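Data file: my_file36.cif. Format and content: mmCIF, C-alpha atoms.
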data_start
loop_
_atom_site.label_atom_id
_atom_site.label_comp_id
_atom_site.auth_asym_id
_atom_site.auth_seq_id
_atom_site.Cartn_x
_atom_site.Cartn_y
_atom_site.Cartn_z
CA ARG A 1 0.00 0.00 0.00
CA ARG A 2 2.82 2.38 0.80
CA GLN A 3 4.40 1.63 -2.55
CA ASP A 4 1.07 2.19 -4.31
CA GLY A 5 0.67 5.49 -2.48
CA ARG A 6 4.16 6.55 -3.47
CA ASN A 7 3.56 5.56 -7.07
CA ARG A 8 0.33 7.52 -7.07
CA ALA A 9 1.90 10.54 -5.43
CA ILE A 10 4.89 10.75 -7.72
CA PRO A 11 2.96 11.08 -11.02
CA GLY A 12 0.67 13.63 -9.41
CA PHE A 13 3.65 15.63 -8.22
CA PHE A 14 5.31 15.61 -11.61
CA SER A 15 2.08 16.42 -13.41
CA LYS A 16 1.51 19.30 -11.01
CA SER A 17 5.04 20.60 -11.50
CA ARG A 18 4.66 20.34 -15.27
CA GLN A 19 1.38 22.25 -15.12
CA GLU A 20 3.00 24.95 -13.02
CA MET A 21 5.95 25.15 -15.42
CA THR A 22 3.69 25.40 -18.46
CA SER A 23 1.52 28.02 -16.75
CA LYS A 24 4.63 30.03 -15.81
CA GLU A 25 5.95 29.79 -19.35
CA HIS A 26 2.58 30.85 -20.70
CA ASP A 27 2.51 33.79 -18.32
CA GLY A 28 6.05 34.73 -19.32
CA ASP A 29 5.24 34.57 -23.03
CA ALA A 30 2.12 36.66 -22.66
CA LYS A 31 3.09 40.34 -22.82
CA GLY A 32 1.06 43.45 -22.36
CA THR A 33 -1.55 41.97 -20.03
CA ASP A 34 -3.06 43.93 -17.16
CA SER A 35 -1.64 41.60 -14.54
CA GLU A 36 1.95 42.00 -15.72
CA PRO A 37 4.04 45.15 -15.25
CA PHE A 38 5.90 46.72 -18.15
CA TYR A 39 9.20 45.79 -16.50
CA LYS A 40 8.40 42.05 -16.26
CA ASP A 41 10.93 41.21 -18.98
CA CYS A 42 13.64 42.92 -16.90
CA THR A 43 12.82 41.04 -13.72
CA SER A 44 12.07 37.57 -15.10
CA SER A 45 14.48 34.74 -14.52
CA LYS A 46 15.25 34.33 -18.21
CA SER A 47 16.27 37.93 -18.67
CA LYS A 48 18.21 38.04 -15.42
CA SER A 49 20.46 35.23 -16.55
CA SER A 50 21.56 37.28 -19.56
CA GLN A 51 21.96 40.56 -17.69
CA PRO A 52 25.29 41.72 -16.27
CA ALA A 53 25.81 41.59 -12.54
CA ALA A 54 25.92 45.38 -12.32
CA VAL A 55 22.45 45.68 -13.89
CA LYS A 56 21.03 43.09 -11.50
CA MET A 57 22.53 44.91 -8.53
CA VAL A 58 21.07 48.25 -9.66
CA GLU A 59 17.62 46.68 -10.10
CA GLU A 60 17.76 45.14 -6.63
CA ILE A 61 18.72 48.50 -5.12
CA ILE A 62 16.04 50.46 -7.01
CA TYR A 63 13.25 48.02 -6.20
CA TRP A 64 14.28 47.86 -2.52
CA LYS A 65 14.89 44.10 -2.50
CA ASP A 66 17.13 44.63 0.56
CA PRO A 67 15.92 47.70 2.51
CA LYS A 68 19.22 48.02 4.37
CA ILE A 69 21.34 48.23 1.23
CA SER A 70 18.84 50.41 -0.65
CA GLY A 71 18.41 52.70 2.35
CA GLY A 72 22.17 53.04 2.75
CA VAL A 73 22.66 53.92 -0.91
CA PHE A 74 19.76 56.39 -0.80
CA VAL A 75 21.01 58.14 2.34
CA GLY A 76 24.55 58.21 0.96
CA GLY A 77 23.31 59.79 -2.25
CA LEU A 78 21.34 62.40 -0.34
CA ALA A 79 24.43 63.22 1.72
CA TRP A 80 26.47 63.54 -1.47
CA PHE A 81 24.00 66.00 -3.01
CA TYR A 82 23.79 67.93 0.24
CA PHE A 83 27.55 68.43 0.56
CA THR A 84 28.00 69.26 -3.14
CA THR A 85 25.17 71.83 -3.16
CA LEU A 86 24.39 73.33 0.25
CA GLY A 87 27.64 72.24 1.90
CA GLY A 88 29.82 74.24 -0.45
CA TYR A 89 31.98 71.30 -1.56
CA THR A 90 32.74 70.68 -5.20
CA ILE A 91 32.59 67.26 -6.82
CA ILE A 92 36.37 67.08 -7.16
CA SER A 93 36.92 68.06 -3.53
CA MET A 94 34.38 65.48 -2.35
CA LEU A 95 35.99 62.73 -4.41
CA SER A 96 39.41 63.68 -3.10
CA LEU A 97 38.12 63.75 0.47
CA LEU A 98 36.46 60.34 0.20
CA ALA A 99 39.51 58.81 -1.44
CA GLY A 100 41.77 60.28 1.26
CA VAL A 101 39.57 58.96 4.07
CA HIS A 102 39.48 55.52 2.47
CA LEU A 103 43.25 55.50 2.02
CA ALA A 104 43.98 56.66 5.57
CA GLY A 105 41.53 54.17 7.09
CA SER A 106 42.89 51.28 5.05
CA VAL A 107 46.54 52.08 5.89
CA PHE A 108 45.73 52.44 9.59
CA TYR A 109 43.79 49.16 9.64
CA HIS A 110 46.54 47.13 7.96
CA SER A 111 49.25 48.76 10.08
CA PHE A 112 47.29 47.89 13.21
CA LEU A 113 47.00 44.26 12.08
CA ALA A 114 50.73 44.11 11.40
CA PHE A 115 51.46 45.60 14.84
CA ARG A 116 49.27 42.99 16.54
CA GLY A 117 50.93 40.23 14.55
CA LYS A 118 47.74 39.12 12.84
CA GLU A 119 47.42 37.97 9.28
CA ASP A 120 46.41 40.49 6.67
CA PRO A 121 42.94 39.51 5.39
CA THR A 122 43.42 41.51 2.19
CA GLY A 123 42.53 39.42 -0.82
CA LYS A 124 43.43 39.80 -4.43
CA ALA A 125 42.73 43.02 -6.24
CA PRO A 126 39.46 42.95 -8.22
CA GLN A 127 39.99 42.34 -11.91
CA LEU A 128 37.73 42.99 -14.86
CA ASP A 129 36.60 40.08 -16.96
CA VAL A 130 38.15 40.67 -20.37
CA LYS A 131 35.50 38.68 -22.25
CA ALA A 132 32.62 40.35 -20.42
CA THR A 133 34.16 43.79 -20.97
CA ALA A 134 34.65 43.12 -24.67
CA LYS A 135 31.05 41.89 -24.97
CA ALA A 136 29.75 44.97 -23.16
CA ALA A 137 31.80 47.23 -25.44
CA GLN A 138 30.46 45.40 -28.49
CA ASN A 139 26.86 45.83 -27.29
CA ALA A 140 27.51 49.51 -26.58
CA ALA A 141 28.92 49.96 -30.10
CA LYS A 142 25.83 48.29 -31.60
CA GLN A 143 23.50 50.55 -29.63
CA LEU A 144 25.52 53.60 -30.65
CA ASN A 145 25.30 52.60 -34.30
CA GLU A 146 21.54 52.15 -33.99
CA ALA A 147 21.22 55.56 -32.34
CA LEU A 148 23.28 57.18 -35.10
CA GLN A 149 21.19 55.48 -37.76
CA TRP A 150 17.99 56.66 -36.07
CA TYR A 151 19.34 60.21 -35.77
CA PHE A 152 20.37 60.44 -39.43
CA SER A 153 17.01 59.02 -40.54
CA LEU A 154 15.42 61.68 -38.37
CA LEU A 155 17.48 64.40 -40.08
CA GLY A 156 16.47 62.99 -43.45
CA ALA A 157 12.76 63.52 -42.63
CA SER A 158 11.93 59.88 -43.23
CA ASN A 159 9.41 60.02 -40.38
CA LEU A 160 7.98 63.50 -40.00
CA MET A 161 5.78 62.70 -37.00
CA GLU A 162 8.72 61.32 -35.09
CA ALA A 163 10.64 64.49 -35.89
CA LEU A 164 7.75 66.51 -34.46
CA TYR A 165 7.81 64.41 -31.31
CA VAL A 166 11.53 65.02 -30.90
CA ALA A 167 11.02 68.75 -31.48
CA GLY A 168 8.38 68.77 -28.75
CA VAL A 169 10.70 66.97 -26.36
CA LEU A 170 13.48 69.45 -27.12
CA LEU A 171 11.10 72.33 -26.45
CA VAL A 172 10.15 70.82 -23.09
CA THR A 173 13.79 70.25 -22.14
CA TRP A 174 14.62 73.84 -23.14
CA CYS A 175 11.89 75.12 -20.83
CA LEU A 176 13.04 72.86 -18.00
CA GLY A 177 16.65 73.92 -18.51
CA SER A 178 15.67 77.56 -18.12
CA TRP A 179 14.15 76.78 -14.72
CA PHE A 180 16.75 74.55 -13.02
CA SER A 181 20.30 73.38 -13.59
CA ALA A 182 21.33 69.94 -14.79
CA TYR A 183 22.61 69.01 -11.34
CA THR A 184 19.19 69.77 -9.84
CA TYR A 185 17.53 67.48 -12.35
CA LEU A 186 20.15 64.85 -11.58
CA PHE A 187 19.09 65.03 -7.95
CA LEU A 188 15.42 64.69 -8.97
CA VAL A 189 16.28 61.69 -11.14
CA PHE A 190 18.13 60.10 -8.23
CA VAL A 191 15.17 60.57 -5.89
CA GLY A 192 12.75 59.41 -8.58
CA ALA A 193 14.75 56.24 -9.21
CA PHE A 194 14.11 55.16 -5.62
CA SER A 195 10.44 56.16 -5.57
CA VAL A 196 8.83 55.97 -9.04
CA PRO A 197 9.32 52.21 -9.71
CA VAL A 198 7.92 51.27 -6.30
CA ALA A 199 5.04 53.75 -6.66
CA TYR A 200 4.23 52.36 -10.11
CA ARG A 201 4.21 48.81 -8.78
CA THR A 202 1.75 49.68 -6.00
CA ASN A 203 -0.50 51.88 -8.22
CA LYS A 204 -0.09 50.11 -11.54
CA ASN A 205 -3.72 50.19 -12.69
CA ARG A 206 -4.17 53.90 -12.05
CA CYS A 207 -0.87 54.78 -13.70
CA ASP A 208 -1.68 52.67 -16.76
CA ASP A 209 -5.06 54.36 -17.14
CA VAL A 210 -3.52 57.83 -16.98
CA LEU A 211 -0.74 56.89 -19.39
CA ASP A 212 -3.22 55.38 -21.84
CA LYS A 213 -5.28 58.59 -21.81
CA ILE A 214 -2.21 60.73 -22.37
CA LYS A 215 -1.02 58.47 -25.17
CA ALA A 216 -4.45 58.56 -26.83
CA LYS A 217 -4.53 62.38 -26.72
CA MET A 218 -1.01 62.59 -28.14
CA ASN A 219 -1.86 60.20 -30.96
CA HIS A 220 -5.03 62.14 -31.72
CA ALA A 221 -3.14 65.43 -31.85
CA ALA A 222 -0.43 63.87 -34.00
CA SER A 223 -2.99 62.47 -36.44
CA MET A 224 -4.64 65.89 -36.73
CA VAL A 225 -1.30 67.56 -37.44
CA GLN A 226 -0.37 64.87 -39.94
CA ALA A 227 -3.70 65.29 -41.73
CA LYS A 228 -3.08 69.02 -42.18
CA ILE A 229 0.39 68.52 -43.67
CA PRO A 230 0.18 68.67 -47.50
CA ARG A 231 1.54 65.69 -49.36
CA ALA A 232 2.97 65.38 -52.84
CA GLY A 233 0.31 62.93 -53.96
CA LYS A 234 -2.58 65.16 -52.93
CA ALA A 235 -0.96 68.19 -54.53
CA ALA A 236 -0.51 66.32 -57.82
CA ASP A 237 -4.15 65.17 -57.77
CA GLY A 238 -5.26 68.75 -57.22
CA LYS A 239 -3.27 69.95 -60.20
CA LYS A 240 -4.74 67.23 -62.44
CA GLU A 241 -8.30 68.09 -61.43
CA SER A 242 -7.67 71.77 -62.14
#
Exercise: express the given structure as structure tokens:
Amino acid sequence: RRQDGRNRAIPGFFSKSRQEMTSKEHDGDAKGTDSEPFYKDCTSSKSKSSQPAAVKMVEEIIYWKDPKISGGVFVGGLAWFYFTTLGGYTIISMLSLLAGVHLAGSVFYHSFLAFRGKEDPTGKAPQLDVKATAKAAQNAAKQLNEALQWYFSLLGASNLMEALYVAGVLLVTWCLGSWFSAYTYLFLVFVGAFSVPVAYRTNKNRCDDVLDKIKAKMNHAASMVQAKIPRAGKAADGKKES
């Protein structure tokens, strides 16, 4: 009876695990659903395996996977912006000060260990992976080539509506630049990186509704502008009729 029970339990377990795996794969393949966030591809296990370790670490810090580490980075960043703005320190002076403190502390620590006769726990110096660095440089070069191709196609007026979108973005950035400095916006981006992703995750439905409305209005305005732009085909038809 025990053997029969085990034999019955094992197929059920494997069938259940297969069902869960197929359901997870189906959920992973389905994109754009209401139950899935727009950043699901970045946080799924398949995408994480292909991402560099630095990108994974940044995602874990931004999404507050470990509150202690994320809180420490956030407080450290706030202290940095405080000293470089209100504190009167420049970026170069702050970097020099931090490097000097690190050097003095490290020398004192190792000298103290040598005085006490203890072994130095210092390991090997960190080294960059040559293959990973070359792959990252190759990916960066591909992205740069794609950006250059997109920019030159934009200059060639191949997509007029996209050029209008870019012009609108440049107008908005010009207005924002006349209000605050780039360092102020860098501070706002830093604060937003620790708050916007979490806020979007908790209020996803509301944010998606607002973004859909804004996107619909922008598409409607773009279609109206595009309809008013004269085209060569319409102009030729008008000349033939006349």
Query - For region 82-86 of chain A: contacts at 12 Å, all atoms listed in the file, fewer than 5 positions along chain excluded, given as a VMD selection string - result: chain A and resid 75 to 77 91 to 95 97 181 183 to 184 187
Writing out the chosen residues with C-alpha atoms as a PDB file, in the frame of the given file:
ATOM      1  CA  VAL A  75      21.010  58.140   2.340  1.00  0.00           C
ATOM      2  CA  GLY A  76      24.550  58.210   0.960  1.00  0.00           C
ATOM      3  CA  GLY A  77      23.310  59.790  -2.250  1.00  0.00           C
ATOM      4  CA  ILE A  91      32.590  67.260  -6.820  1.00  0.00           C
ATOM      5  CA  ILE A  92      36.370  67.080  -7.160  1.00  0.00           C
ATOM      6  CA  SER A  93      36.920  68.060  -3.530  1.00  0.00           C
ATOM      7  CA  MET A  94      34.380  65.480  -2.350  1.00  0.00           C
ATOM      8  CA  LEU A  95      35.990  62.730  -4.410  1.00  0.00           C
ATOM      9  CA  LEU A  97      38.120  63.750   0.470  1.00  0.00           C
ATOM     10  CA  SER A 181      20.300  73.380 -13.590  1.00  0.00           C
ATOM     11  CA  TYR A 183      22.610  69.010 -11.340  1.00  0.00           C
ATOM     12  CA  THR A 184      19.190  69.770  -9.840  1.00  0.00           C
ATOM     13  CA  PHE A 187      19.090  65.030  -7.950  1.00  0.00           C
TER      14      PHE A 187
END
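The nearest approach to Ala199 (chain A) among the residues A:Phe115, A:Trp64, A:Ala99, A:Glu59, with only C-alpha atoms taken into account, belongs to A:Trp64.
This file, queried with the PyMOL selection byres ((chain A and resi 161) around 12), gives the residues Leu154, Ala157, Ser158, Asn159, Leu160, Glu162, Ala163, Leu164, Tyr165, Val166, Ala167, Gly168, Met218, Asn219, Ala221, Ala222, Ser223, Met224, Val225, Gln226, Ala227 and Ile229 of chain A.
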Report summary line: Expressed in Å, the length from CA of Val191 (chain A) to CA of Tyr63 (chain A) is 12.7 Å
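Rounded to one decimal, CA of Trp174 (chain A) and CA of Ala79 (chain A) lie 28.8 Å from each other.
Between CA of Phe81 (chain A) and CA of Phe190 (chain A) the separation is 9.8 Å.
Distances from A:Leu186, A:Val210, A:Ala54, A:Ala193 to Trp80 (chain A) were compared using all atoms listed in the file, and the smallest one belongs to A:Leu186.
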